[in-house]
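The structure appears right after this line, and notes come after that.
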Amino acid sequence: QVQLVESGGGLVQAGGSLRLSCTDSGRTFSNYNMGWFRQAPGKEREFVAAISWSGGSTKYADSVKGRFTISRDNARNTVYLQMNSLKPEDTAVYYCAAASFRAAQPMVDTTNYVYWGQGTQVTVSS
């Protein structure tokens, strides 16, 4: 059974940094593409970053490009989201997501992901 467990959220001041982690249990982690999404109160879930199964290709939302970095450690079954220069508008619940297949290119559409973590709250104060 697939289980995605996220950690690393919290409260941080604007300009600060956080690193989110997501560990996948129950599968051969390296076979699947992974992604991070977020949802702010009253808004739809939106794409943040994605990474191919090998880690060789990444993609970012324009709003986080240059500030966030997605990476993965297949030996540890873990995907990371390093978030720097955080802004109040980054405040949201962040979700880790896993696809059921591997693809050469990162995937940005939520419909490509079948497994989701429980979410971790990130709050950025001004």
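Going by the structure tokens order, chains are called A, B, ..., each with residues numbered from 1, while ligands are numbered from 1 in the order shown.
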At most 12 Å is the cut-off: for each residue in range 58-95 of chain A with any atom that close to an atom of range 110-121 of chain A, write down the nearest atom pair and the distance in Å rounded to one decimal, counting only C-alpha atoms, chain first then increasing number, as a Markdown table.
| residue | atom | partner | partner_atom | distance |
| --- | --- | --- | --- | --- |
| A:Val79 | CA | A:Gly117 | CA | 11.9 |
| A:Leu81 | CA | A:Thr120 | CA | 11.9 |
| A:Asp90 | CA | A:Gln121 | CA | 10.5 |
| A:Thr91 | CA | A:Gln121 | CA | 7.8 |
| A:Ala92 | CA | A:Gln121 | CA | 6.1 |
| A:Val93 | CA | A:Gln121 | CA | 4.4 |
| A:Tyr94 | CA | A:Thr120 | CA | 5.3 |
| A:Tyr95 | CA | A:Gly119 | CA | 4.5 |
Please tabulate, as a Markdown table, the residues of range 42-126 of chain A that come within 7 Å of range 1-17 of chain A, each with its closest pair of atoms and the distance in Å to one decimal, counting only C-alpha atoms and ordering rows by chain, then residue number upward.
| residue | atom | partner | partner_atom | distance |
| --- | --- | --- | --- | --- |
| A:Met83 | CA | A:Ser17 | CA | 5.4 |
| A:Asn84 | CA | A:Ser17 | CA | 4.4 |
| A:Ser85 | CA | A:Gly15 | CA | 4.2 |
| A:Leu86 | CA | A:Gly15 | CA | 4.9 |
| A:Lys87 | CA | A:Ala14 | CA | 5.0 |
| A:Pro88 | CA | A:Ala14 | CA | 6.3 |
| A:Cys96 | CA | A:Glu6 | CA | 6.9 |
| A:Trp116 | CA | A:Leu4 | CA | 6.4 |
| A:Gly117 | CA | A:Leu4 | CA | 4.7 |
| A:Gly119 | CA | A:Glu6 | CA | 6.6 |
| A:Thr120 | CA | A:Gly9 | CA | 5.4 |
| A:Gln121 | CA | A:Gly9 | CA | 5.3 |
| A:Val122 | CA | A:Gly9 | CA | 5.0 |
| A:Thr123 | CA | A:Leu11 | CA | 4.7 |
| A:Val124 | CA | A:Val12 | CA | 5.0 |
| A:Ser125 | CA | A:Gln13 | CA | 4.8 |
| A:Ser126 | CA | A:Ala14 | CA | 5.3 |
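Nearest residue to Gly35 in chain A among A:Thr23, A:Val64, A:Asp73, A:Pro106 is A:Pro106, counting only C-alpha atoms.
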Quiz item: Looking at A:Gln82, A:Asn33, A:Asn77, A:Ser21, which one is nearest to Ser100 in chain A, with distances taken over only C-alpha atoms?
Solution: A:Asn33
Practice problem: For Tyr32 in chain A, list every protein, DNA or RNA residue within 9 Å, evaluated using only C-alpha atoms, and leave out those in the same chain fewer than 3 positions away; present the list as a count of residues only. | Solution: 11
Exercise. Determine which residues of chain A receive a DSSP assignment of helix (DSSP H, G or I), computed from the backbone, and state them as a ChimeraX atom specification.
Key: /A:29-31,74-76,88-90,110-112
Using N, CA and C atoms, can you export the residues from the last selection as a compact mmCIF listing (two decimals), in the first residue's frame?
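The result, stored in result-v7.txt:
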# COMPACT_ATOMS: atom_id res chain seq x y z
N PHE A 29 10.09 3.29 -5.35
CA PHE A 29 9.97 4.74 -5.46
C PHE A 29 10.56 5.28 -6.76
N SER A 30 11.67 4.73 -7.17
CA SER A 30 12.38 5.30 -8.30
C SER A 30 11.65 5.10 -9.62
N ASN A 31 10.58 4.33 -9.63
CA ASN A 31 9.87 4.08 -10.88
C ASN A 31 8.85 5.16 -11.24
N ASN A 74 16.33 8.65 -4.44
CA ASN A 74 15.63 7.38 -4.64
C ASN A 74 16.09 6.30 -3.66
N ALA A 75 17.29 6.40 -3.18
CA ALA A 75 17.77 5.43 -2.20
C ALA A 75 17.02 5.57 -0.87
N ARG A 76 16.54 6.77 -0.59
CA ARG A 76 15.80 7.03 0.65
C ARG A 76 14.29 7.11 0.43
N PRO A 88 4.59 35.87 1.93
CA PRO A 88 3.28 35.58 2.54
C PRO A 88 2.34 34.86 1.59
N GLU A 89 2.44 35.13 0.31
CA GLU A 89 1.56 34.48 -0.67
C GLU A 89 1.91 33.01 -0.89
N ASP A 90 3.00 32.53 -0.31
CA ASP A 90 3.33 31.10 -0.34
C ASP A 90 2.58 30.32 0.73
N THR A 110 -2.72 17.77 -12.10
CA THR A 110 -3.10 16.94 -10.95
C THR A 110 -3.66 15.59 -11.39
N THR A 111 -4.24 15.52 -12.57
CA THR A 111 -4.86 14.26 -13.01
C THR A 111 -3.83 13.18 -13.30
N ASN A 112 -2.57 13.54 -13.41
CA ASN A 112 -1.51 12.55 -13.63
C ASN A 112 -1.06 11.87 -12.34
Self-check item: DSSP strand (DSSP E) residues within chain A, as a PyMOL selection string
Solution: chain A and resi 3-7+10-13+18-25+34-39+46-51+58-60+68-73+78-83+92-99+113-116+120-125
Quiz item: Residues at most 10 Å from Asp62 in chain A, counting only C-alpha atoms, excluding those fewer than 4 positions away in the same chain, as an NGL selection string?
Solution: :A and (47-49 or 66)
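Distances from A:Ala104, A:Glu46, A:Leu18, A:Ala97 to Ala61 in chain A were compared using only C-alpha atoms, and the smallest one belongs to A:Glu46.
Closest approach to Arg38 in chain A among A:Ser57, A:Ser63, A:Gln105, A:Ser71: A:Ser63, based on only C-alpha atoms.
Note that CA of Gly42 in chain A and CA of Met107 in chain A are 24.3 Å apart.
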